[in-house]
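Accompanying notes for the structure given below.
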Amino acid sequence: KQWYQRRVAITAGICNILELYSDIFKLTYITRRPIVHRITDIGVWSTLVKGIVLLSVFTNLYIFCFTSEQLMTYAPSLFELIPLEAEEALKSGSDHVHVIADGAGMAVATIMMSLEHIVLFLVAVIWITVPETTPAV
């Protein structure tokens, strides 16, 4: 080995030991436990979580109805499969594209809106029936 490799290793070891003792000193003498501030709820986070839940209902149903093939699996008569050329299939990772069939757009939108109202109703029922905090708290 070269002479400088041994010196670097020894210096690194000494520095690590010094940093270890420095951290021990800071943890035992300098840092303190944070002061506890009691609160009744999670504040604005509750509103944010409720907003995220409402937005997720809309986005997930739009994905279900318009971009994924899940609704096409349940109602194949509302969609058409358009085969892709070999080059386009390699780019997209699929050999076909599904699109809403002519005249079926209103039916797909009605299904989406119906599912949306059902899920929003279930969300409202859960918010009304489930308390925000348990009685034990």
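Chain identifiers are assigned as A, B, and so on, following the order in which chains appear in the structure tokens; residues are numbered from 1 within each chain, and ligands are numbered from 1 in order of appearance.
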
Might you pull out every residue within 12 Å of range 120-133 of chain A, with only C-alpha atoms counted and same-chain residues fewer than 2 positions away left off, and present them as a PyMOL selection string? chain A and resi 40-43+46-47+49-51+53-58+61+113-118+135-137

Can you tell me, as a VMD selection string, what residues are no more than 12 Å from Ala101 in chain A when counting only C-alpha atoms, ignoring any on the same chain fewer than 2 positions away? chain A and resid 72 75 to 82 97 to 99 103 to 108

With all heavy atoms kept, could you save the residues just selected as a compact mmCIF listing (two decimals), in the first residue's frame?
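And here is the file that came out, part03.txt:
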```
# COMPACT_ATOMS: atom_id res chain seq x y z
N MET A 72 -64.46 -1.12 -20.07
CA MET A 72 -64.63 -1.87 -21.32
C MET A 72 -64.83 -3.35 -21.03
O MET A 72 -65.57 -4.04 -21.74
CB MET A 72 -63.41 -1.67 -22.22
CG MET A 72 -63.59 -2.29 -23.58
SD MET A 72 -62.14 -2.11 -24.60
CE MET A 72 -61.03 -3.24 -23.81
N ALA A 75 -68.59 -3.47 -19.83
CA ALA A 75 -69.56 -3.07 -20.85
C ALA A 75 -68.86 -2.98 -22.20
O ALA A 75 -68.63 -1.88 -22.73
CB ALA A 75 -70.18 -1.74 -20.47
N PRO A 76 -68.53 -4.11 -22.81
CA PRO A 76 -67.77 -4.08 -24.06
C PRO A 76 -68.54 -3.49 -25.23
O PRO A 76 -67.93 -3.01 -26.20
CB PRO A 76 -67.43 -5.55 -24.31
CG PRO A 76 -68.39 -6.33 -23.50
CD PRO A 76 -68.78 -5.46 -22.36
N SER A 77 -69.86 -3.47 -25.17
CA SER A 77 -70.64 -2.94 -26.29
C SER A 77 -70.51 -1.42 -26.41
O SER A 77 -70.85 -0.86 -27.45
CB SER A 77 -72.11 -3.32 -26.13
OG SER A 77 -72.62 -2.76 -24.94
N LEU A 78 -70.02 -0.75 -25.37
CA LEU A 78 -69.88 0.71 -25.41
C LEU A 78 -68.56 1.16 -26.02
O LEU A 78 -68.35 2.36 -26.20
CB LEU A 78 -70.01 1.28 -24.00
CG LEU A 78 -71.34 1.02 -23.28
CD1 LEU A 78 -71.27 1.55 -21.86
CD2 LEU A 78 -72.50 1.63 -24.04
N PHE A 79 -67.66 0.22 -26.32
CA PHE A 79 -66.33 0.57 -26.78
C PHE A 79 -65.98 -0.13 -28.08
O PHE A 79 -66.54 -1.19 -28.40
CB PHE A 79 -65.28 0.22 -25.72
CG PHE A 79 -65.41 1.02 -24.47
CD1 PHE A 79 -66.21 0.57 -23.42
CD2 PHE A 79 -64.75 2.23 -24.33
CE1 PHE A 79 -66.34 1.32 -22.27
CE2 PHE A 79 -64.87 2.97 -23.18
CZ PHE A 79 -65.67 2.52 -22.15
N GLU A 80 -65.06 0.45 -28.81
CA GLU A 80 -64.51 -0.16 -30.02
C GLU A 80 -63.02 -0.37 -29.82
O GLU A 80 -62.35 0.46 -29.22
CB GLU A 80 -64.70 0.76 -31.23
CG GLU A 80 -66.10 0.98 -31.67
CD GLU A 80 -66.18 1.96 -32.84
OE1 GLU A 80 -65.12 2.31 -33.41
OE2 GLU A 80 -67.29 2.37 -33.16
N LEU A 81 -62.53 -1.48 -30.35
CA LEU A 81 -61.09 -1.73 -30.33
C LEU A 81 -60.52 -1.36 -31.69
O LEU A 81 -61.00 -1.81 -32.72
CB LEU A 81 -60.80 -3.20 -30.05
CG LEU A 81 -60.98 -3.67 -28.63
CD1 LEU A 81 -60.70 -5.16 -28.52
CD2 LEU A 81 -60.06 -2.92 -27.70
N ILE A 82 -59.51 -0.52 -31.69
CA ILE A 82 -58.86 -0.12 -32.93
C ILE A 82 -57.46 -0.73 -32.91
O ILE A 82 -56.65 -0.39 -32.05
CB ILE A 82 -58.78 1.41 -33.06
CG1 ILE A 82 -60.19 1.99 -33.06
CG2 ILE A 82 -58.00 1.81 -34.30
CD1 ILE A 82 -60.23 3.49 -33.05
N VAL A 97 -56.07 0.12 -29.30
CA VAL A 97 -56.55 1.26 -28.53
C VAL A 97 -58.05 1.10 -28.40
O VAL A 97 -58.72 0.70 -29.35
CB VAL A 97 -56.23 2.60 -29.24
CG1 VAL A 97 -56.84 3.77 -28.51
CG2 VAL A 97 -54.75 2.78 -29.40
N HIS A 98 -58.59 1.37 -27.23
CA HIS A 98 -60.04 1.31 -27.09
C HIS A 98 -60.58 2.73 -27.03
O HIS A 98 -60.02 3.59 -26.35
CB HIS A 98 -60.47 0.48 -25.88
CG HIS A 98 -60.15 1.11 -24.56
ND1 HIS A 98 -58.90 1.03 -23.99
CD2 HIS A 98 -60.91 1.82 -23.71
CE1 HIS A 98 -58.90 1.67 -22.85
NE2 HIS A 98 -60.11 2.17 -22.64
N VAL A 99 -61.65 2.94 -27.78
CA VAL A 99 -62.31 4.25 -27.80
C VAL A 99 -63.79 4.02 -27.60
O VAL A 99 -64.32 2.92 -27.82
CB VAL A 99 -62.06 5.00 -29.14
CG1 VAL A 99 -60.60 5.35 -29.29
CG2 VAL A 99 -62.54 4.20 -30.32
N GLY A 103 -72.06 7.05 -30.56
CA GLY A 103 -73.37 7.06 -29.92
C GLY A 103 -73.37 6.52 -28.51
O GLY A 103 -74.42 6.49 -27.87
N ALA A 104 -72.24 6.07 -28.01
CA ALA A 104 -72.19 5.49 -26.67
C ALA A 104 -71.59 6.45 -25.65
O ALA A 104 -71.49 6.11 -24.47
CB ALA A 104 -71.40 4.19 -26.67
N GLY A 105 -71.22 7.65 -26.08
CA GLY A 105 -70.60 8.61 -25.16
C GLY A 105 -71.50 8.99 -24.01
O GLY A 105 -71.06 9.11 -22.86
N MET A 106 -72.79 9.19 -24.30
CA MET A 106 -73.74 9.56 -23.25
C MET A 106 -73.90 8.42 -22.25
O MET A 106 -74.00 8.66 -21.04
CB MET A 106 -75.09 9.92 -23.86
CG MET A 106 -76.06 10.45 -22.85
SD MET A 106 -75.54 11.99 -22.10
CE MET A 106 -76.10 13.13 -23.32
N ALA A 107 -73.89 7.19 -22.72
CA ALA A 107 -74.03 6.04 -21.81
C ALA A 107 -72.82 5.93 -20.89
O ALA A 107 -72.97 5.69 -19.69
CB ALA A 107 -74.22 4.76 -22.61
N VAL A 108 -71.62 6.12 -21.45
CA VAL A 108 -70.40 6.06 -20.63
C VAL A 108 -70.39 7.19 -19.60
O VAL A 108 -70.08 6.99 -18.43
CB VAL A 108 -69.14 6.11 -21.52
CG1 VAL A 108 -67.89 6.23 -20.68
CG2 VAL A 108 -69.06 4.87 -22.39
```

Separation of CA of Leu48 in chain A from CA of Thr67 in chain A in Å: 26.6 Å

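Here the question is which of A:Phe25, A:Ile111, A:Ile30, A:Cys15 gets nearest to Tyr74 in chain A using only C-alpha atoms, and that residue is A:Ile111.
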
Give me the residues within 10 Å of Asp95 in chain A as a PyMOL selection string, counting only C-alpha atoms and dropping any in the same chain fewer than 3 places off. chain A and resi 81-92

Take the residues from that selection and put them in a file with N, CA, C and O atoms, as a PDB file, in the first residue's frame.
```pdb
ATOM      1  N   LEU A  81     -62.526  -1.479 -30.352  1.00  0.00           N
ATOM      2  CA  LEU A  81     -61.087  -1.734 -30.333  1.00  0.00           C
ATOM      3  C   LEU A  81     -60.524  -1.357 -31.695  1.00  0.00           C
ATOM      4  O   LEU A  81     -61.004  -1.814 -32.724  1.00  0.00           O
ATOM      5  N   ILE A  82     -59.513  -0.518 -31.687  1.00  0.00           N
ATOM      6  CA  ILE A  82     -58.856  -0.124 -32.927  1.00  0.00           C
ATOM      7  C   ILE A  82     -57.458  -0.729 -32.908  1.00  0.00           C
ATOM      8  O   ILE A  82     -56.646  -0.389 -32.050  1.00  0.00           O
ATOM      9  N   PRO A  83     -57.174  -1.646 -33.851  1.00  0.00           N
ATOM     10  CA  PRO A  83     -55.824  -2.239 -33.861  1.00  0.00           C
ATOM     11  C   PRO A  83     -54.788  -1.209 -34.290  1.00  0.00           C
ATOM     12  O   PRO A  83     -55.052  -0.318 -35.091  1.00  0.00           O
ATOM     13  N   LEU A  84     -53.583  -1.338 -33.739  1.00  0.00           N
ATOM     14  CA  LEU A  84     -52.491  -0.424 -34.062  1.00  0.00           C
ATOM     15  C   LEU A  84     -51.516  -1.076 -35.033  1.00  0.00           C
ATOM     16  O   LEU A  84     -51.395  -2.302 -35.088  1.00  0.00           O
ATOM     17  N   GLU A  85     -50.834  -0.235 -35.770  1.00  0.00           N
ATOM     18  CA  GLU A  85     -49.753  -0.724 -36.630  1.00  0.00           C
ATOM     19  C   GLU A  85     -48.629  -1.254 -35.738  1.00  0.00           C
ATOM     20  O   GLU A  85     -48.536  -0.926 -34.562  1.00  0.00           O
ATOM     21  N   ALA A  86     -47.754  -2.042 -36.296  1.00  0.00           N
ATOM     22  CA  ALA A  86     -46.687  -2.676 -35.512  1.00  0.00           C
ATOM     23  C   ALA A  86     -45.784  -1.646 -34.846  1.00  0.00           C
ATOM     24  O   ALA A  86     -45.402  -1.787 -33.682  1.00  0.00           O
ATOM     25  N   GLU A  87     -45.461  -0.572 -35.565  1.00  0.00           N
ATOM     26  CA  GLU A  87     -44.563   0.453 -35.015  1.00  0.00           C
ATOM     27  C   GLU A  87     -45.229   1.197 -33.853  1.00  0.00           C
ATOM     28  O   GLU A  87     -44.614   1.445 -32.823  1.00  0.00           O
ATOM     29  N   GLU A  88     -46.504   1.542 -34.018  1.00  0.00           N
ATOM     30  CA  GLU A  88     -47.234   2.227 -32.941  1.00  0.00           C
ATOM     31  C   GLU A  88     -47.433   1.303 -31.746  1.00  0.00           C
ATOM     32  O   GLU A  88     -47.409   1.751 -30.597  1.00  0.00           O
ATOM     33  N   ALA A  89     -47.641   0.016 -32.015  1.00  0.00           N
ATOM     34  CA  ALA A  89     -47.826  -0.945 -30.924  1.00  0.00           C
ATOM     35  C   ALA A  89     -46.570  -1.058 -30.076  1.00  0.00           C
ATOM     36  O   ALA A  89     -46.644  -1.173 -28.853  1.00  0.00           O
ATOM     37  N   LEU A  90     -45.407  -0.997 -30.706  1.00  0.00           N
ATOM     38  CA  LEU A  90     -44.160  -1.039 -29.945  1.00  0.00           C
ATOM     39  C   LEU A  90     -44.006   0.193 -29.068  1.00  0.00           C
ATOM     40  O   LEU A  90     -43.540   0.109 -27.938  1.00  0.00           O
ATOM     41  N   LYS A  91     -44.402   1.364 -29.582  1.00  0.00           N
ATOM     42  CA  LYS A  91     -44.277   2.600 -28.802  1.00  0.00           C
ATOM     43  C   LYS A  91     -45.240   2.619 -27.630  1.00  0.00           C
ATOM     44  O   LYS A  91     -44.894   3.053 -26.534  1.00  0.00           O
ATOM     45  N   SER A  92     -46.485   2.178 -27.845  1.00  0.00           N
ATOM     46  CA  SER A  92     -47.495   2.286 -26.802  1.00  0.00           C
ATOM     47  C   SER A  92     -47.511   1.095 -25.850  1.00  0.00           C
ATOM     48  O   SER A  92     -48.080   1.177 -24.765  1.00  0.00           O
TER      49      SER A  92
END
```

So which one's closest to Ile63 in chain A, A:Leu27, A:Ile39, A:Met112, A:Ile17? Using only C-alpha atoms, please. A:Met112

Residues flagged alpha helix (DSSP H) by DSSP in range 68-123 of chain A, as a ChimeraX atom specification: /A:70-74,86-92,105-123

Keeping N, CA, C and O atoms, export the residues of the selection given above as a compact mmCIF listing (two decimals), in the first residue's frame.
```
# COMPACT_ATOMS: atom_id res chain seq x y z
N GLN A 70 -60.98 -1.17 -17.74
CA GLN A 70 -61.85 -1.84 -16.79
C GLN A 70 -63.32 -1.70 -17.15
O GLN A 70 -64.06 -2.68 -17.12
N LEU A 71 -63.76 -0.50 -17.50
CA LEU A 71 -65.16 -0.34 -17.89
C LEU A 71 -65.44 -1.08 -19.18
O LEU A 71 -66.53 -1.62 -19.37
N MET A 72 -64.46 -1.12 -20.07
CA MET A 72 -64.63 -1.87 -21.32
C MET A 72 -64.83 -3.35 -21.03
O MET A 72 -65.57 -4.04 -21.74
N THR A 73 -64.23 -3.86 -19.96
CA THR A 73 -64.41 -5.26 -19.59
C THR A 73 -65.85 -5.52 -19.14
O THR A 73 -66.42 -6.56 -19.45
N TYR A 74 -66.43 -4.57 -18.41
CA TYR A 74 -67.80 -4.74 -17.89
C TYR A 74 -68.86 -4.41 -18.94
O TYR A 74 -69.95 -4.97 -18.90
N ALA A 86 -47.75 -2.04 -36.30
CA ALA A 86 -46.69 -2.68 -35.51
C ALA A 86 -45.78 -1.65 -34.85
O ALA A 86 -45.40 -1.79 -33.68
N GLU A 87 -45.46 -0.57 -35.56
CA GLU A 87 -44.56 0.45 -35.02
C GLU A 87 -45.23 1.20 -33.85
O GLU A 87 -44.61 1.44 -32.82
N GLU A 88 -46.50 1.54 -34.02
CA GLU A 88 -47.23 2.23 -32.94
C GLU A 88 -47.43 1.30 -31.75
O GLU A 88 -47.41 1.75 -30.60
N ALA A 89 -47.64 0.02 -32.02
CA ALA A 89 -47.83 -0.95 -30.92
C ALA A 89 -46.57 -1.06 -30.08
O ALA A 89 -46.64 -1.17 -28.85
N LEU A 90 -45.41 -1.00 -30.71
CA LEU A 90 -44.16 -1.04 -29.95
C LEU A 90 -44.01 0.19 -29.07
O LEU A 90 -43.54 0.11 -27.94
N LYS A 91 -44.40 1.36 -29.58
CA LYS A 91 -44.28 2.60 -28.80
C LYS A 91 -45.24 2.62 -27.63
O LYS A 91 -44.89 3.05 -26.53
N SER A 92 -46.49 2.18 -27.84
CA SER A 92 -47.49 2.29 -26.80
C SER A 92 -47.51 1.09 -25.85
O SER A 92 -48.08 1.18 -24.76
N GLY A 105 -71.22 7.65 -26.08
CA GLY A 105 -70.60 8.61 -25.16
C GLY A 105 -71.50 8.99 -24.01
O GLY A 105 -71.06 9.11 -22.86
N MET A 106 -72.79 9.19 -24.30
CA MET A 106 -73.74 9.56 -23.25
C MET A 106 -73.90 8.42 -22.25
O MET A 106 -74.00 8.66 -21.04
N ALA A 107 -73.89 7.19 -22.72
CA ALA A 107 -74.03 6.04 -21.81
C ALA A 107 -72.82 5.93 -20.89
O ALA A 107 -72.97 5.69 -19.69
N VAL A 108 -71.62 6.12 -21.45
CA VAL A 108 -70.40 6.06 -20.63
C VAL A 108 -70.39 7.19 -19.60
O VAL A 108 -70.08 6.99 -18.43
N ALA A 109 -70.79 8.39 -20.04
CA ALA A 109 -70.85 9.53 -19.10
C ALA A 109 -71.89 9.29 -18.02
O ALA A 109 -71.67 9.63 -16.85
N THR A 110 -73.02 8.69 -18.38
CA THR A 110 -74.06 8.39 -17.39
C THR A 110 -73.57 7.36 -16.38
O THR A 110 -73.81 7.50 -15.17
N ILE A 111 -72.88 6.34 -16.86
CA ILE A 111 -72.32 5.33 -15.95
C ILE A 111 -71.33 5.99 -15.00
O ILE A 111 -71.35 5.74 -13.79
N MET A 112 -70.47 6.86 -15.56
CA MET A 112 -69.47 7.52 -14.72
C MET A 112 -70.14 8.41 -13.67
O MET A 112 -69.78 8.38 -12.50
N MET A 113 -71.11 9.19 -14.08
CA MET A 113 -71.79 10.09 -13.13
C MET A 113 -72.55 9.29 -12.08
O MET A 113 -72.58 9.68 -10.91
N SER A 114 -73.16 8.18 -12.47
CA SER A 114 -73.89 7.35 -11.51
C SER A 114 -72.92 6.76 -10.48
O SER A 114 -73.19 6.81 -9.27
N LEU A 115 -71.81 6.21 -10.95
CA LEU A 115 -70.80 5.68 -10.02
C LEU A 115 -70.26 6.78 -9.11
O LEU A 115 -70.03 6.56 -7.92
N GLU A 116 -70.07 7.95 -9.69
CA GLU A 116 -69.55 9.08 -8.92
C GLU A 116 -70.51 9.45 -7.79
O GLU A 116 -70.09 9.63 -6.63
N HIS A 117 -71.80 9.51 -8.08
CA HIS A 117 -72.77 9.85 -7.05
C HIS A 117 -72.87 8.74 -5.99
O HIS A 117 -73.02 9.04 -4.80
N ILE A 118 -72.78 7.50 -6.41
CA ILE A 118 -72.84 6.39 -5.45
C ILE A 118 -71.64 6.46 -4.50
O ILE A 118 -71.79 6.35 -3.28
N VAL A 119 -70.45 6.65 -5.05
CA VAL A 119 -69.25 6.70 -4.21
C VAL A 119 -69.28 7.93 -3.30
O VAL A 119 -68.93 7.85 -2.11
N LEU A 120 -69.71 9.08 -3.82
CA LEU A 120 -69.81 10.27 -2.97
C LEU A 120 -70.84 10.08 -1.86
O LEU A 120 -70.64 10.55 -0.73
N PHE A 121 -71.92 9.38 -2.15
CA PHE A 121 -72.91 9.08 -1.12
C PHE A 121 -72.29 8.19 -0.04
O PHE A 121 -72.48 8.42 1.15
N LEU A 122 -71.51 7.18 -0.45
CA LEU A 122 -70.85 6.31 0.52
C LEU A 122 -69.84 7.08 1.37
O LEU A 122 -69.73 6.86 2.58
N VAL A 123 -69.12 8.00 0.75
CA VAL A 123 -68.18 8.84 1.49
C VAL A 123 -68.93 9.68 2.52
O VAL A 123 -68.52 9.78 3.69
```

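Distances here use only C-alpha atoms; by that measure, the residue among A:Lys26, A:Ile100, A:Tyr4, A:Thr31 closest to Phe66 in chain A is A:Ile100.
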
re CA of Gln2 in chain A and CA of Leu20 in chain A: distance 27.8 Å
